[in-house]
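This is query.tsv (TSV, C-alpha atoms and all ligand atoms).
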```tsv
chain	number	residue	atom	x	y	z
E	1	MET	CA	-46.20	-25.95	47.37
E	2	LEU	CA	-45.08	-25.09	43.84
E	3	LEU	CA	-44.44	-28.79	43.19
E	4	THR	CA	-48.00	-29.58	44.26
E	5	LEU	CA	-49.33	-26.89	41.92
E	6	ALA	CA	-47.26	-28.38	39.06
E	7	ALA	CA	-48.31	-31.92	39.96
E	8	GLU	CA	-51.94	-31.02	39.29
E	9	ARG	CA	-51.37	-29.16	36.01
E	10	ARG	CA	-50.25	-29.94	32.46
E	11	VAL	CA	-48.75	-26.53	31.72
E	12	LEU	CA	-46.96	-24.18	34.09
E	13	PHE	CA	-45.68	-20.70	33.20
E	14	LEU	CA	-43.02	-18.93	35.21
E	15	GLY	CA	-42.66	-15.19	34.90
E	16	GLY	CA	-41.14	-12.25	36.72
E	17	LYS	CA	-38.42	-9.63	36.60
E	18	GLY	CA	-34.94	-10.31	35.24
E	19	GLY	CA	-32.57	-12.31	37.42
E	20	VAL	CA	-35.09	-13.35	40.09
E	21	GLY	CA	-34.68	-17.09	39.43
E	22	LYS	CA	-37.26	-18.00	36.75
E	23	THR	CA	-34.97	-20.37	34.84
E	24	THR	CA	-33.75	-22.00	38.05
E	25	VAL	CA	-37.27	-22.54	39.39
E	26	ALA	CA	-38.60	-23.75	36.01
E	27	SER	CA	-35.79	-26.29	35.68
E	28	ALA	CA	-36.15	-27.51	39.27
E	29	VAL	CA	-39.92	-27.98	38.91
E	30	ALA	CA	-39.50	-29.94	35.66
E	31	LEU	CA	-36.72	-32.04	37.18
E	32	ALA	CA	-38.82	-32.85	40.25
E	33	ALA	CA	-41.76	-33.83	38.02
E	34	ALA	CA	-39.50	-36.18	36.02
E	35	ARG	CA	-38.27	-37.71	39.29
E	36	GLU	CA	-41.91	-38.38	40.17
E	37	GLY	CA	-42.28	-40.33	36.93
E	38	ARG	CA	-43.88	-37.64	34.75
E	39	ARG	CA	-42.61	-36.79	31.27
E	40	ALA	CA	-41.59	-33.16	31.55
E	41	LEU	CA	-40.46	-30.52	29.06
E	42	VAL	CA	-38.94	-27.22	30.13
E	43	VAL	CA	-39.14	-24.52	27.45
E	44	SER	CA	-37.33	-21.19	27.43
E	45	THR	CA	-39.21	-18.46	25.55
E	46	ASP	CA	-36.67	-15.78	26.46
E	47	PRO	CA	-34.53	-14.79	23.44
E	48	ALA	CA	-31.62	-14.33	25.91
E	49	HIS	CA	-31.70	-18.02	26.80
E	50	ASN	CA	-29.92	-19.25	29.90
E	51	LEU	CA	-31.41	-22.72	30.19
E	52	GLY	CA	-28.32	-24.22	28.54
E	53	HIS	CA	-25.98	-22.32	30.86
E	54	LEU	CA	-27.84	-23.54	33.90
E	55	TRP	CA	-27.71	-27.20	32.81
E	56	GLY	CA	-24.19	-26.88	31.46
E	57	GLN	CA	-25.08	-28.19	28.00
E	58	ARG	CA	-26.20	-27.02	24.58
E	59	ILE	CA	-29.95	-27.10	24.15
E	60	GLY	CA	-31.43	-25.22	21.16
E	61	ASP	CA	-34.85	-25.42	19.51
E	62	ARG	CA	-35.26	-29.19	19.80
E	63	ALA	CA	-36.40	-31.23	22.80
E	64	THR	CA	-33.02	-32.22	24.30
E	65	PRO	CA	-32.64	-34.80	27.10
E	66	LEU	CA	-31.61	-33.27	30.44
E	67	GLY	CA	-30.60	-34.69	33.82
E	68	ASP	CA	-29.33	-38.11	34.78
E	69	GLY	CA	-31.29	-40.85	36.46
E	70	VAL	CA	-34.71	-39.60	35.42
E	71	GLY	CA	-35.20	-42.30	32.80
E	72	GLY	CA	-35.02	-39.81	29.91
E	73	ARG	CA	-38.28	-38.28	31.06
E	74	LEU	CA	-36.92	-34.71	31.19
E	75	ARG	CA	-36.24	-32.60	28.13
E	76	GLY	CA	-35.38	-28.97	27.54
E	77	LEU	CA	-35.92	-26.64	24.57
E	78	GLU	CA	-34.96	-23.05	23.78
E	79	ILE	CA	-37.31	-21.38	21.30
E	80	ASP	CA	-35.43	-19.88	18.38
E	81	PRO	CA	-37.59	-16.95	17.24
E	82	ASP	CA	-35.48	-16.29	14.12
E	83	ALA	CA	-35.86	-19.86	12.87
E	84	THR	CA	-39.60	-19.77	13.66
E	85	THR	CA	-39.98	-16.40	11.89
E	86	ASP	CA	-38.14	-17.75	8.82
E	87	ARG	CA	-40.31	-20.84	8.68
E	88	HIS	CA	-43.47	-18.81	9.15
E	89	LEU	CA	-42.57	-16.23	6.49
E	90	LYS	CA	-41.56	-18.94	4.02
E	91	ASP	CA	-44.99	-20.55	4.47
E	92	VAL	CA	-46.77	-17.23	4.05
E	93	ALA	CA	-44.71	-16.32	0.96
E	94	HIS	CA	-45.43	-19.73	-0.59
E	95	THR	CA	-49.17	-19.32	-0.04
E	96	LEU	CA	-49.20	-15.71	-1.25
E	97	LYS	CA	-47.27	-16.56	-4.41
E	98	ARG	CA	-49.78	-19.26	-5.17
E	99	LEU	CA	-52.67	-16.86	-4.66
E	100	MET	CA	-51.22	-13.81	-6.41
E	101	PRO	CA	-50.58	-13.22	-10.11
E	102	ASP	CA	-47.06	-14.34	-11.14
E	103	ASN	CA	-45.84	-10.82	-11.90
E	104	LEU	CA	-46.27	-9.90	-8.20
E	105	ALA	CA	-43.85	-12.57	-6.89
E	106	GLY	CA	-41.09	-9.97	-6.46
E	107	GLU	CA	-43.44	-7.77	-4.44
E	108	VAL	CA	-44.26	-10.69	-2.17
E	109	ASP	CA	-40.56	-11.24	-1.45
E	110	LYS	CA	-40.09	-7.53	-0.69
E	111	HIS	CA	-43.07	-7.57	1.64
E	112	MET	CA	-41.78	-10.66	3.46
E	113	ASP	CA	-38.41	-8.98	3.95
E	114	LEU	CA	-40.08	-5.98	5.55
E	115	SER	CA	-42.28	-8.22	7.69
E	116	ARG	CA	-39.22	-9.94	9.13
E	117	ARG	CA	-38.07	-6.66	10.62
E	118	SER	CA	-41.42	-5.18	11.58
E	119	PRO	CA	-42.50	-4.92	15.23
E	120	GLY	CA	-44.61	-7.81	16.44
E	121	THR	CA	-43.21	-10.41	14.01
E	122	HIS	CA	-40.85	-11.76	16.64
E	123	GLU	CA	-43.60	-12.03	19.26
E	124	ALA	CA	-45.97	-13.65	16.79
E	125	ALA	CA	-43.28	-16.22	15.98
E	126	VAL	CA	-42.70	-17.05	19.65
E	127	LEU	CA	-46.44	-17.35	20.14
E	128	GLU	CA	-46.74	-19.67	17.15
E	129	ARG	CA	-43.95	-21.90	18.49
E	130	MET	CA	-45.55	-21.90	21.96
E	131	THR	CA	-48.84	-22.97	20.38
E	132	GLU	CA	-47.06	-25.87	18.64
E	133	LEU	CA	-45.29	-26.86	21.85
E	134	VAL	CA	-48.48	-26.80	23.93
E	135	GLU	CA	-50.15	-29.00	21.28
E	136	MET	CA	-47.16	-31.34	21.30
E	137	GLY	CA	-46.97	-31.20	25.11
E	138	MET	CA	-50.57	-32.36	25.45
E	139	GLN	CA	-49.68	-35.49	23.46
E	140	ASP	CA	-46.12	-36.35	24.39
E	141	TYR	CA	-45.59	-34.90	27.88
E	142	ASP	CA	-47.33	-34.83	31.24
E	143	LEU	CA	-46.00	-31.38	32.10
E	144	VAL	CA	-44.67	-28.47	30.06
E	145	VAL	CA	-42.94	-25.71	32.04
E	146	PHE	CA	-42.46	-22.39	30.25
E	147	ASP	CA	-39.60	-20.23	31.48
E	148	THR	CA	-40.69	-16.86	30.12
E	149	ALA	CA	-38.90	-13.58	29.45
E	150	PRO	CA	-39.01	-10.74	32.02
E	151	SER	CA	-42.48	-9.42	32.97
E	152	GLY	CA	-43.75	-6.86	30.41
E	153	HIS	CA	-42.97	-9.06	27.45
E	154	THR	CA	-44.72	-12.09	28.97
E	155	ALA	CA	-47.92	-10.24	29.87
E	156	ARG	CA	-48.19	-9.04	26.27
E	157	LEU	CA	-47.52	-12.53	24.99
E	158	MET	CA	-50.24	-14.06	27.17
E	159	ALA	CA	-52.74	-11.48	25.87
E	160	LEU	CA	-51.78	-12.10	22.23
E	161	PRO	CA	-53.96	-15.17	21.52
E	162	GLU	CA	-57.02	-13.13	22.48
E	163	VAL	CA	-55.96	-10.08	20.49
E	164	MET	CA	-55.00	-12.11	17.42
E	165	THR	CA	-58.17	-14.20	17.52
E	166	ALA	CA	-60.24	-11.00	17.60
E	167	TRP	CA	-58.14	-9.56	14.76
E	168	THR	CA	-58.57	-12.68	12.64
E	169	ASP	CA	-62.32	-12.68	13.31
E	170	GLY	CA	-62.48	-9.05	12.15
E	171	LEU	CA	-60.60	-9.95	8.99
E	172	LEU	CA	-62.89	-12.90	8.32
E	173	ASN	CA	-65.97	-10.73	8.77
E	174	ARG	CA	-64.64	-8.23	6.30
E	175	ARG	CA	-63.84	-10.99	3.80
E	176	GLU	CA	-67.33	-12.36	4.29
E	177	LYS	CA	-68.86	-9.00	3.46
E	178	SER	CA	-66.67	-8.43	0.42
E	179	ALA	CA	-67.37	-11.99	-0.78
E	180	LYS	CA	-71.11	-11.31	-0.60
E	181	LEU	CA	-70.64	-8.04	-2.42
E	182	GLY	CA	-68.51	-9.81	-5.02
E	183	ALA	CA	-71.14	-12.50	-5.50
E	184	ALA	CA	-73.84	-9.87	-5.91
E	185	MET	CA	-71.72	-8.02	-8.47
E	186	ARG	CA	-71.08	-11.20	-10.40
E	187	GLY	CA	-74.83	-11.84	-10.25
E	188	LEU	CA	-75.39	-8.50	-11.95
E	189	ASP	CA	-72.71	-9.48	-14.39
E	190	GLY	CA	-74.82	-12.35	-15.69
E	191	ASP	CA	-73.55	-15.01	-13.23
E	192	ARG	CA	-70.28	-15.43	-15.10
E	193	GLY	CA	-68.04	-18.14	-13.71
E	194	ARG	CA	-70.23	-19.14	-10.79
E	195	THR	CA	-70.42	-22.75	-9.78
E	196	VAL	CA	-73.85	-24.12	-10.39
E	197	LEU	CA	-74.72	-27.21	-8.42
E	198	GLY	CA	-74.18	-30.28	-10.53
E	199	SER	CA	-72.49	-28.33	-13.33
E	200	THR	CA	-68.91	-28.88	-14.41
E	201	ALA	CA	-68.29	-25.17	-15.00
E	202	PRO	CA	-64.83	-24.12	-13.70
E	203	ARG	CA	-64.84	-22.19	-10.44
E	204	ASP	CA	-64.13	-18.51	-10.41
E	205	PRO	CA	-60.41	-18.20	-9.50
E	206	ILE	CA	-61.19	-15.20	-7.29
E	207	GLU	CA	-63.76	-17.20	-5.36
E	208	GLU	CA	-61.30	-20.06	-5.05
E	209	ARG	CA	-58.60	-17.73	-3.74
E	210	ASP	CA	-61.04	-16.20	-1.24
E	211	ASP	CA	-61.95	-19.66	0.01
E	212	GLU	CA	-58.32	-20.55	0.51
E	213	ILE	CA	-57.55	-17.33	2.40
E	214	ARG	CA	-60.61	-17.92	4.53
E	215	SER	CA	-59.56	-21.43	5.41
E	216	ILE	CA	-56.01	-20.28	6.28
E	217	LEU	CA	-57.40	-17.60	8.58
E	218	LEU	CA	-59.84	-20.04	10.16
E	219	ARG	CA	-57.08	-22.57	10.82
E	220	ARG	CA	-54.98	-19.94	12.50
E	221	ARG	CA	-57.90	-18.67	14.56
E	222	ASP	CA	-58.67	-22.19	15.75
E	223	ARG	CA	-55.07	-22.83	16.79
E	224	LEU	CA	-54.86	-19.58	18.73
E	225	ALA	CA	-58.24	-20.23	20.31
E	226	GLY	CA	-56.90	-23.66	21.34
E	227	LEU	CA	-53.90	-22.05	23.04
E	228	ARG	CA	-56.11	-19.52	24.75
E	229	GLU	CA	-58.38	-22.29	26.02
E	230	VAL	CA	-55.37	-23.89	27.71
E	231	LEU	CA	-54.13	-20.55	29.11
E	232	VAL	CA	-57.43	-19.66	30.76
E	233	ASP	CA	-58.24	-23.17	32.04
E	234	SER	CA	-56.97	-23.03	35.62
E	235	ALA	CA	-57.37	-26.79	36.02
E	236	LEU	CA	-55.01	-27.37	33.09
E	237	SER	CA	-52.50	-24.55	33.39
E	238	SER	CA	-51.20	-22.07	35.89
E	239	PHE	CA	-48.85	-19.11	36.09
E	240	ALA	CA	-46.34	-18.61	38.91
E	241	ILE	CA	-44.65	-15.26	39.45
E	242	VAL	CA	-41.08	-15.45	40.75
E	243	LEU	CA	-39.80	-12.39	42.61
E	244	ALA	CA	-37.31	-11.07	45.10
E	245	ALA	CA	-38.65	-9.45	48.28
E	246	GLU	CA	-37.60	-5.99	47.14
E	247	ARG	CA	-39.60	-2.85	46.43
E	248	LEU	CA	-39.64	-2.85	42.62
E	249	PRO	CA	-40.14	-6.59	42.08
E	250	VAL	CA	-43.08	-6.45	44.54
E	251	LEU	CA	-44.69	-3.53	42.66
E	252	GLU	CA	-44.12	-5.24	39.31
E	253	THR	CA	-45.60	-8.47	40.63
E	254	ILE	CA	-48.77	-6.66	41.69
E	255	GLU	CA	-48.98	-5.11	38.22
E	256	LEU	CA	-48.25	-8.38	36.39
E	257	ASN	CA	-50.89	-10.14	38.48
E	258	ALA	CA	-53.47	-7.51	37.50
E	259	GLU	CA	-52.56	-7.72	33.80
E	260	LEU	CA	-52.67	-11.50	33.70
E	261	THR	CA	-55.91	-11.67	35.65
E	262	ARG	CA	-57.45	-9.28	33.10
E	263	THR	CA	-56.35	-11.69	30.36
E	264	GLY	CA	-58.08	-14.54	32.21
E	265	VAL	CA	-54.87	-16.31	33.30
E	266	ASP	CA	-54.87	-17.82	36.79
E	267	ILE	CA	-51.98	-16.89	39.10
E	268	GLY	CA	-51.37	-20.09	41.03
E	269	ALA	CA	-48.34	-19.08	43.09
E	270	LEU	CA	-45.94	-16.36	44.10
E	271	VAL	CA	-42.41	-17.63	44.60
E	272	VAL	CA	-40.39	-15.25	46.76
E	273	ASN	CA	-36.85	-16.31	45.98
E	274	LYS	CA	-33.50	-15.52	47.60
E	275	ARG	CA	-34.90	-14.75	51.05
E	276	SER	CA	-32.15	-13.54	53.40
E	277	PRO	CA	-31.53	-15.64	56.52
E	278	ALA	CA	-32.45	-14.19	59.94
E	279	ASP	CA	-29.65	-15.93	61.82
E	280	ARG	CA	-26.49	-15.12	59.87
E	281	GLY	CA	-25.40	-11.85	61.37
E	282	ASP	CA	-26.87	-8.37	61.80
E	283	PHE	CA	-26.49	-7.28	58.19
E	284	LEU	CA	-28.57	-10.12	56.78
E	285	ALA	CA	-31.05	-9.90	59.67
E	286	ARG	CA	-31.66	-6.23	58.85
E	287	ARG	CA	-31.95	-7.12	55.18
E	288	ARG	CA	-34.54	-9.74	56.08
E	289	ALA	CA	-36.53	-7.20	58.13
E	290	VAL	CA	-36.68	-4.91	55.08
E	291	GLU	CA	-37.82	-7.88	52.94
E	292	ASP	CA	-40.53	-8.62	55.53
E	293	GLU	CA	-41.92	-5.10	55.05
E	294	HIS	CA	-42.07	-5.54	51.27
E	295	LEU	CA	-43.84	-8.87	51.73
E	296	VAL	CA	-46.49	-7.12	53.85
E	297	THR	CA	-47.19	-4.83	50.85
E	298	LEU	CA	-47.38	-7.92	48.60
E	299	ARG	CA	-49.71	-9.75	50.98
E	300	ASP	CA	-51.98	-6.70	51.34
E	301	ALA	CA	-52.32	-6.45	47.55
E	302	LEU	CA	-52.63	-10.18	46.82
E	303	PRO	CA	-53.94	-11.86	49.98
E	304	ARG	CA	-55.27	-15.00	48.34
E	305	VAL	CA	-52.49	-16.19	46.02
E	306	PRO	CA	-50.46	-19.01	47.63
E	307	LEU	CA	-46.98	-17.78	48.46
E	308	GLN	CA	-43.79	-19.80	48.66
E	309	GLU	CA	-40.51	-18.55	50.10
E	310	VAL	CA	-37.15	-19.92	48.96
E	311	PRO	CA	-34.00	-19.11	50.96
E	312	LEU	CA	-30.97	-17.43	49.45
E	313	GLY	CA	-28.28	-20.04	48.93
E	314	GLU	CA	-24.58	-19.54	49.52
E	315	GLU	CA	-23.82	-20.39	45.91
E	316	ASP	CA	-25.39	-20.02	42.48
E	317	VAL	CA	-27.51	-22.91	41.31
E	318	VAL	CA	-25.67	-24.60	38.44
E	319	GLY	CA	-26.00	-28.14	37.11
E	320	PRO	CA	-28.34	-31.07	37.81
E	321	ALA	CA	-27.12	-31.83	41.36
E	322	ALA	CA	-27.63	-28.23	42.53
E	323	LEU	CA	-31.06	-28.17	40.86
E	324	GLU	CA	-31.99	-31.37	42.61
E	325	ARG	CA	-31.17	-29.73	45.98
E	326	PHE	CA	-33.00	-26.57	44.94
E	327	ALA	CA	-36.13	-28.59	44.11
E	328	THR	CA	-36.33	-29.85	47.70
E	329	LEU	CA	-36.96	-26.23	48.76
E	330	LEU	CA	-40.05	-25.91	46.55
D	1	LIG	N1	-32.27	-19.18	46.00
D	1	LIG	C1	-31.15	-18.85	45.35
D	1	LIG	N2	-29.98	-18.74	46.04
D	1	LIG	C2	-28.85	-18.38	45.40
D	1	LIG	N3	-28.75	-18.13	44.11
D	1	LIG	C3	-29.87	-18.22	43.37
D	1	LIG	C4	-31.13	-18.60	43.94
D	1	LIG	N4	-32.04	-18.63	42.96
D	1	LIG	C5	-31.41	-18.29	41.82
D	1	LIG	N5	-30.11	-18.04	42.07
D	1	LIG	C6	-29.08	-17.59	41.11
D	1	LIG	O1	-29.50	-16.33	40.62
D	1	LIG	C7	-29.11	-16.15	39.25
D	1	LIG	C8	-30.31	-15.82	38.40
D	1	LIG	O2	-31.17	-16.94	38.33
D	1	LIG	P1	-31.96	-17.31	37.01
D	1	LIG	O3	-31.06	-17.35	35.87
D	1	LIG	O4	-32.77	-18.51	37.32
D	1	LIG	O5	-32.89	-16.03	36.94
D	1	LIG	P2	-33.88	-15.60	35.73
D	1	LIG	O6	-35.06	-14.96	36.39
D	1	LIG	O7	-34.12	-16.73	34.83
D	1	LIG	O8	-32.99	-14.50	35.02
D	1	LIG	P3	-33.25	-13.86	33.55
D	1	LIG	O9	-34.41	-12.94	33.71
D	1	LIG	O10	-31.97	-13.14	33.29
D	1	LIG	O11	-33.52	-14.99	32.64
D	1	LIG	C9	-28.43	-17.45	38.85
D	1	LIG	O12	-27.05	-17.28	38.96
D	1	LIG	C10	-28.95	-18.46	39.88
D	1	LIG	O13	-28.02	-19.49	40.12
D	2	MG	MG	-33.80	-16.93	32.75
```
As a first step, turn the structure in this file into structure tokens.
Amino acid sequence: MLLTLAAERRVLFLGGKGGVGKTTVASAVALAAAREGRRALVVSTDPAHNLGHLWGQRIGDRATPLGDGVGGRLRGLEIDPDATTDRHLKDVAHTLKRLMPDNLAGEVDKHMDLSRRSPGTHEAAVLERMTELVEMGMQDYDLVVFDTAPSGHTARLMALPEVMTAWTDGLLNRREKSAKLGAAMRGLDGDRGRTVLGSTAPRDPIEERDDEIRSILLRRRDRLAGLREVLVDSALSSFAIVLAAERLPVLETIELNAELTRTGVDIGALVVNKRSPADRGDFLARRRAVEDEHLVTLRDALPRVPLQEVPLGEEDVVGPAALERFATLL
């Protein structure tokens, strides 16, 4: 079922509590897609990456070939938020220094240093990298699978494009107003420095700076709006929640579903992983009966979301061959 969902989408997000099997499921889905002939990229957004451990190779923040016998169609990438933050802050500092008087260059550096450590910078960097990867994915891949960090973090991340677009719009509106006010003031001031159509008079440096800031903000707003368009387009992307049939993961899943639905993100599947077998002794049979009760709660709360169960295996899932077997269960 999950493979069918992925087969009809360009972007798939996997979320859920820690240790439920997000990385395993994400890798298996991407591997199965590559087997089917699609170019697939699996991306880890979790700062505590375990994609590399699962595949038994170093991955890092560059699309790295994974798996044998899939014609090089599968790649993996682990987002490096520190590198993204550095790149982002360097860009911002460069722009600011160009726009500010020279004697404030030191202040810009100080501000950038503080920004690096301030709350939200890390998330913004991950979001920026995800935006880039979705843009790249739309061109170079048929499917991008995001293996996200445990629940709370992901829900906030998915809401960020909307929040940041609104924030940028607010900033632009304020700039607009102050630009008008500025123009009116300059008008009172005898029109000094204003560009007159057809004249060769130099432009007011303040006006020029305002224009540049405006265009930077607009560019950023458009990129975030582009990401949001993909996130809320259920024909293009979907979100699958991975969980264990236990009390807390079930409650968190219901909460995560509500949060994501509010953000406009479609929940395409619930993957109940590590289901205990009914026929391997009394202990596991009792365990399964308890799981059944939790699944009734889940079903009552979310009756319409397609649900997939995956049995608990005897061993951990490590390496391409084990992932290949795991994919047949999806
Ligand atoms: N169906 C299964 N049967 C047996 N072991 C499983 C199954 N699914 C996953 N595992 C094992 O459970 C462990 C956790 O899986 P995984 O790393 O995919 O979870 P995760 O949700 O990505 O965790 P984290 O939140 O820490 O990133 C791994 O050792 C994996 O091999
Ligand atoms: Mg993981």
From the list E:Val271, E:Leu74, E:Val42, E:Ala183, which residue is nearest Pro249 in chain E when using only C-alpha atoms? E:Val271
Find the residues with any atom within 8 Å of (-51.3, -6.3, 45.2); use all atoms listed in the file and the coordinates as given in the file, and write the answer as a count of residues only. 12
Two-atom distance - CA of Leu14 in chain E, CA of Leu41 in chain E (Å): 13.4 Å
All residues 12 Å or closer to Arg262 in chain E, all atoms listed in the file, same chain fewer than 2 positions away omitted, as a PyMOL selection string: chain E and resi 155-156+158-159+162+232+255-260+264-267
So which residues touch Ala244 in chain E within 7 Å, counting all atoms listed in the file, skipping near sequence neighbours fewer than 4 positions away, as an NGL selection string? :E and (20 or 249 or 272-274)
Quick one: residues within 10 Å of ligand LIG 1 (chain D), with only C-alpha atoms and all ligand atoms, as number ranges by chain? E: 14-28, 44-51, 53-54, 147-151, 242-244, 272-276, 309-319, 322-323, 326, 329
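Closest to ligand MG 2 (chain D) among E:Glu78, E:Gly71, E:Leu12, E:Trp167 is E:Glu78, based on only C-alpha atoms and all ligand atoms.
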